[in-house]
Amino acid sequence: MNIMVIGRGGREHSLVQKLAASKQTEKIYAAPGNAGMKEAVCVAIEEGDHDALVSFAKENDIHLTVVGPEVPLLEGIVDHFQANDLKVFGPTKDAALIEGSKHFAKQMMDKYDIPTAEYQAFSDLVEAKAYIKGKGAPIVIKADGLAAGKGVVVAETLEQALEAADSMLGEGQFGEASSEIVVEEFLAGDEFSLMAFVHGPNVYPMIPAKDHKRAFDGDEGPNTGGMGAFAPVPGLASSSYDTAVESIVRPVAEAMVQEERPFTGILYAGLIETDKGPKVIEFNARFGDPETQVVLPLLKNDLEQVFLDVMDGKDPELQWSEESCAGVVVASSGYPGGYVKGRPLPALETSDSAFLVHAGTALENGTYVSDGGRVLLVGSKGNDLSRALDCAYEALRPLHANEDFFYRRDIGRSSITSSSGSDE
Ligand code: AMP
Ligand code: GLY
């Protein structure tokens, strides 16, 4: 079978790597892909050029297309492929709204009693401010629509909250995406991510993962797309995981069917383990990045078969390695603010269990150079989280003192109960 992955980041490289290990996959195309995707043929078609992607799929006998990022999903790429009788794994535009509108997601959770933070949605600034003042800080302000991961302000003071409402609603900080905002209760607790393969009401959950969103060690600095991740999550009780599946992910999938927006694809729940059990922070309609890079290496199944089974309504019988997997993102200095591209990357040696996943890299005269904010991820499997981290950090040594790049030194640290010396 020929298969096409749409997207260009680390998540998509990880999908390509896993599909390359699939017995039945003949040729993998990535559109547009990235320079590190040696396992795929990269095709210079942008994610948003749906007509060209459909034509390419027809001309190249693509049996299955997997969509990585949210933007094409919300633009209706799946509907477009389906209208052309092409097999595609991902939610339709209507179903992807669970990520595309935070207000819609909150309404669904309200209606179907899915545990989440208390909230109100506003398009009027005066009303929003009155509500915020009534509630007080800490409080969370969210742009309704997609804002490239920048649309959430966790306000510690009332001033910050009012300022966020002013920028989003008053000044149109994110354009149409912030013409409405959700103001919600601040939830305290540990976060984790739970992704599941979903087809209508059928839910096949993956192992839990944890992402590190802040740029710097100790969860300091601005929010980023994700600076590292690991799976599974040692501190997460299996009862909490089961509750998250049975009282959050499964009911949401069923609710989407009820609402005539049946969801096929990856449903990603961003969760906080509160003292009243797991509650939803957000839903995404796609694989997480960088969670995918640490979850897929632990999947024992043939990934292409999993996609096909899920779409056929069959249980893919997911099987997971007992190992842990950790990944550390290498970013360009300055990210998530301004940064310079084109900086040469040193060769990174990986041992048997370590691996590299490319995101923002380009190939210039045989050398990889930076071509984005998040450049690559160095990952490793190990018998436990501590060993996986040791091995990933060992492979990162050549970048230790390189001023063009930075990476967090504390990925997974707070989850290691008995340190085995990952003191990088
Ligand atoms: P999001 O872009 O929705 O993933 O939100 C970014 C980050 O904001 C999350 O990873 C959380 O750390 C934080 N956050 C979002 N909503 C809440 C909430 N209701 N309470 C506490 N933290 C939150
Ligand atoms: N890692 C968070 C996300 O993919 O949205």
# chains A, B, ... in the order shown; residues from 1 in each chain; ligands from 1
>>> closest_atom_pairs(of="region 168-250 of chain A", to="region 288-291 of chain A", cutoff="7 Å", atoms="only C-alpha atoms", output="JSON lines")
{"residue": "A:Ala209", "atom": "CA", "partner": "A:Glu291", "partner_atom": "CA", "distance": 6.2}
{"residue": "A:Lys210", "atom": "CA", "partner": "A:Glu291", "partner_atom": "CA", "distance": 7.0}
{"residue": "A:Asp211", "atom": "CA", "partner": "A:Glu291", "partner_atom": "CA", "distance": 6.4}
{"residue": "A:Gly226", "atom": "CA", "partner": "A:Pro290", "partner_atom": "CA", "distance": 6.1}
{"residue": "A:Gly228", "atom": "CA", "partner": "A:Pro290", "partner_atom": "CA", "distance": 6.4}
{"residue": "A:Ala229", "atom": "CA", "partner": "A:Glu291", "partner_atom": "CA", "distance": 5.7}
>>> write_last_selection(atoms="C-alpha atoms", output="PDB file, in the first residue's frame")
ATOM      1  CA  ALA A 209       1.921  10.884  28.035  1.00  0.00           C
ATOM      2  CA  LYS A 210       3.151  14.118  29.512  1.00  0.00           C
ATOM      3  CA  ASP A 211       4.241  17.187  27.644  1.00  0.00           C
ATOM      4  CA  GLY A 226       6.135  21.520  23.543  1.00  0.00           C
ATOM      5  CA  GLY A 228       9.749  17.451  25.536  1.00  0.00           C
ATOM      6  CA  ALA A 229       7.535  14.567  26.529  1.00  0.00           C
TER       7      ALA A 229
END
>>> select_by_dssp(residues="region 35-127 of chain A", states="strand (DSSP E or B)", output="compact mmCIF listing (two decimals) with all heavy atoms, in the first residue's frame")
# COMPACT_ATOMS: atom_id res chain seq x y z
N VAL A 41 9.14 9.80 0.64
CA VAL A 41 9.38 10.67 -0.51
C VAL A 41 8.65 11.98 -0.20
O VAL A 41 7.43 11.97 -0.01
CB VAL A 41 8.80 10.05 -1.79
CG1 VAL A 41 8.97 11.00 -2.98
CG2 VAL A 41 9.44 8.70 -2.05
N CYS A 42 9.40 13.07 -0.09
CA CYS A 42 8.73 14.34 0.24
C CYS A 42 8.23 15.00 -1.04
O CYS A 42 8.92 15.04 -2.06
CB CYS A 42 9.68 15.26 0.99
SG CYS A 42 10.05 14.61 2.62
N ILE A 62 -2.42 6.37 -3.90
CA ILE A 62 -2.33 6.43 -2.44
C ILE A 62 -3.57 5.75 -1.86
O ILE A 62 -4.69 6.17 -2.14
CB ILE A 62 -2.28 7.90 -1.94
CG1 ILE A 62 -1.18 8.70 -2.63
CG2 ILE A 62 -2.18 7.96 -0.42
CD1 ILE A 62 0.20 8.51 -2.14
N HIS A 63 -3.34 4.73 -1.04
CA HIS A 63 -4.47 3.99 -0.48
C HIS A 63 -4.98 4.58 0.82
O HIS A 63 -6.10 4.33 1.24
CB HIS A 63 -4.10 2.53 -0.26
CG HIS A 63 -3.87 1.80 -1.53
ND1 HIS A 63 -2.63 1.71 -2.12
CD2 HIS A 63 -4.74 1.18 -2.35
CE1 HIS A 63 -2.75 1.03 -3.25
NE2 HIS A 63 -4.01 0.70 -3.42
N LEU A 64 -4.09 5.31 1.49
CA LEU A 64 -4.50 5.90 2.77
C LEU A 64 -3.70 7.17 3.01
O LEU A 64 -2.48 7.19 2.83
CB LEU A 64 -4.22 4.90 3.91
CG LEU A 64 -4.44 5.43 5.33
CD1 LEU A 64 -5.92 5.72 5.58
CD2 LEU A 64 -3.95 4.41 6.37
N THR A 65 -4.42 8.21 3.42
CA THR A 65 -3.76 9.48 3.78
C THR A 65 -4.02 9.74 5.25
O THR A 65 -5.13 9.56 5.73
CB THR A 65 -4.32 10.64 2.92
OG1 THR A 65 -4.01 10.36 1.55
CG2 THR A 65 -3.70 11.97 3.31
N VAL A 66 -2.96 10.14 5.96
CA VAL A 66 -3.08 10.46 7.38
C VAL A 66 -2.75 11.95 7.54
O VAL A 66 -1.71 12.40 7.07
CB VAL A 66 -2.10 9.60 8.22
CG1 VAL A 66 -2.23 9.92 9.71
CG2 VAL A 66 -2.34 8.12 7.97
N VAL A 67 -3.66 12.68 8.19
CA VAL A 67 -3.47 14.13 8.31
C VAL A 67 -2.89 14.44 9.69
O VAL A 67 -3.48 14.08 10.71
CB VAL A 67 -4.80 14.89 8.12
CG1 VAL A 67 -4.57 16.39 8.11
CG2 VAL A 67 -5.48 14.44 6.83
N VAL A 88 -9.01 8.36 3.98
CA VAL A 88 -8.24 9.34 4.75
C VAL A 88 -8.54 9.15 6.22
O VAL A 88 -9.69 8.91 6.61
CB VAL A 88 -8.56 10.78 4.25
CG1 VAL A 88 -10.04 11.09 4.32
CG2 VAL A 88 -7.75 11.84 4.99
N PHE A 89 -7.50 9.22 7.04
CA PHE A 89 -7.68 9.07 8.49
C PHE A 89 -7.61 10.44 9.14
O PHE A 89 -6.56 11.08 9.16
CB PHE A 89 -6.62 8.14 9.07
CG PHE A 89 -6.88 7.82 10.52
CD1 PHE A 89 -7.81 6.86 10.88
CD2 PHE A 89 -6.21 8.49 11.53
CE1 PHE A 89 -8.07 6.57 12.22
CE2 PHE A 89 -6.46 8.21 12.87
CZ PHE A 89 -7.39 7.24 13.21
N THR A 116 -14.96 19.11 33.53
CA THR A 116 -14.07 20.17 33.03
C THR A 116 -14.21 21.38 33.94
O THR A 116 -15.06 21.39 34.84
CB THR A 116 -14.42 20.51 31.56
OG1 THR A 116 -13.46 21.44 31.06
CG2 THR A 116 -15.82 21.11 31.42
N TYR A 119 -17.12 27.48 33.42
CA TYR A 119 -16.77 28.52 32.44
C TYR A 119 -17.95 29.38 32.05
O TYR A 119 -19.11 29.06 32.34
CB TYR A 119 -16.22 27.85 31.17
CG TYR A 119 -17.35 27.41 30.24
CD1 TYR A 119 -17.64 28.13 29.08
CD2 TYR A 119 -18.15 26.32 30.56
CE1 TYR A 119 -18.70 27.75 28.25
CE2 TYR A 119 -19.20 25.94 29.74
CZ TYR A 119 -19.48 26.67 28.58
OH TYR A 119 -20.53 26.31 27.80
N GLN A 120 -17.62 30.45 31.34
CA GLN A 120 -18.62 31.25 30.60
C GLN A 120 -17.94 31.72 29.32
O GLN A 120 -16.73 31.99 29.33
CB GLN A 120 -19.00 32.51 31.38
CG GLN A 120 -19.94 32.29 32.55
CD GLN A 120 -21.41 32.33 32.13
OE1 GLN A 120 -21.76 32.98 31.17
NE2 GLN A 120 -22.24 31.64 32.87
N ALA A 121 -18.70 31.84 28.24
CA ALA A 121 -18.14 32.36 26.99
C ALA A 121 -18.66 33.78 26.75
O ALA A 121 -19.82 34.08 27.11
CB ALA A 121 -18.53 31.46 25.83
N PHE A 122 -17.83 34.63 26.16
CA PHE A 122 -18.21 36.03 25.94
C PHE A 122 -17.75 36.53 24.58
O PHE A 122 -16.64 36.21 24.15
CB PHE A 122 -17.55 36.94 27.00
CG PHE A 122 -17.98 36.64 28.40
CD1 PHE A 122 -17.20 35.79 29.19
CD2 PHE A 122 -19.14 37.18 28.93
CE1 PHE A 122 -17.59 35.49 30.49
CE2 PHE A 122 -19.53 36.88 30.23
CZ PHE A 122 -18.75 36.03 31.01
>>> residues_around(residues="Thr224 (chain A)", least_positions_apart="2", cutoff="10 Å", atoms="only C-alpha atoms", output="ChimeraX atom specification")
/A:148-150,212-216,221-222,226-227,335-337,373-374
>>> select_by_dssp(residues="region 187-419 of chain A", states="alpha helix (DSSP H)", output="PyMOL selection string")
chain A and resi 238-244+250-258+291-295+303-311+385-395
>>> residues_near_ligand(ligand="ligand 1", cutoff="9 Å", atoms="only C-alpha atoms and all ligand atoms", output="PyMOL selection string")
chain A and resi 102+116-119+138-142+147-154+183-192+211-214+223+225+270-272+279-284
>>> residues_around(residues="Tyr112 (chain A)", least_positions_apart="6", cutoff="12 Å", atoms="only C-alpha atoms", output="VMD selection string")
chain A and resid 105 to 106 247 to 256 258 to 259
>>> atom_distance(atom1="CA of His80 (chain A)", atom2="CA of Ala359 (chain A)")
26.6 Å
>>> closest_atom_pairs(of="region 257-360 of chain A", to="region 396-403 of chain A", cutoff="10 Å", atoms="only C-alpha atoms", output="CSV")
residue,atom,partner,partner_atom,distance
A:Val328,CA,A:Leu396,CA,8.7
A:Val329,CA,A:Leu396,CA,10.0
A:Val330,CA,A:Leu399,CA,8.7
A:Ser332,CA,A:Glu403,CA,9.0
A:Ser333,CA,A:Glu403,CA,7.0
A:Leu345,CA,A:Leu399,CA,8.2
A:Pro346,CA,A:Pro398,CA,6.5
A:Ala347,CA,A:Pro398,CA,7.6
A:Leu348,CA,A:Pro398,CA,6.7
A:Glu349,CA,A:Leu396,CA,8.4
A:Thr350,CA,A:Leu396,CA,9.0
>>> closest_residue(among="A:Val5, A:Leu73, A:Val357, A:Cys325", to="Arg387 (chain A)", atoms="only C-alpha atoms")
A:Cys325
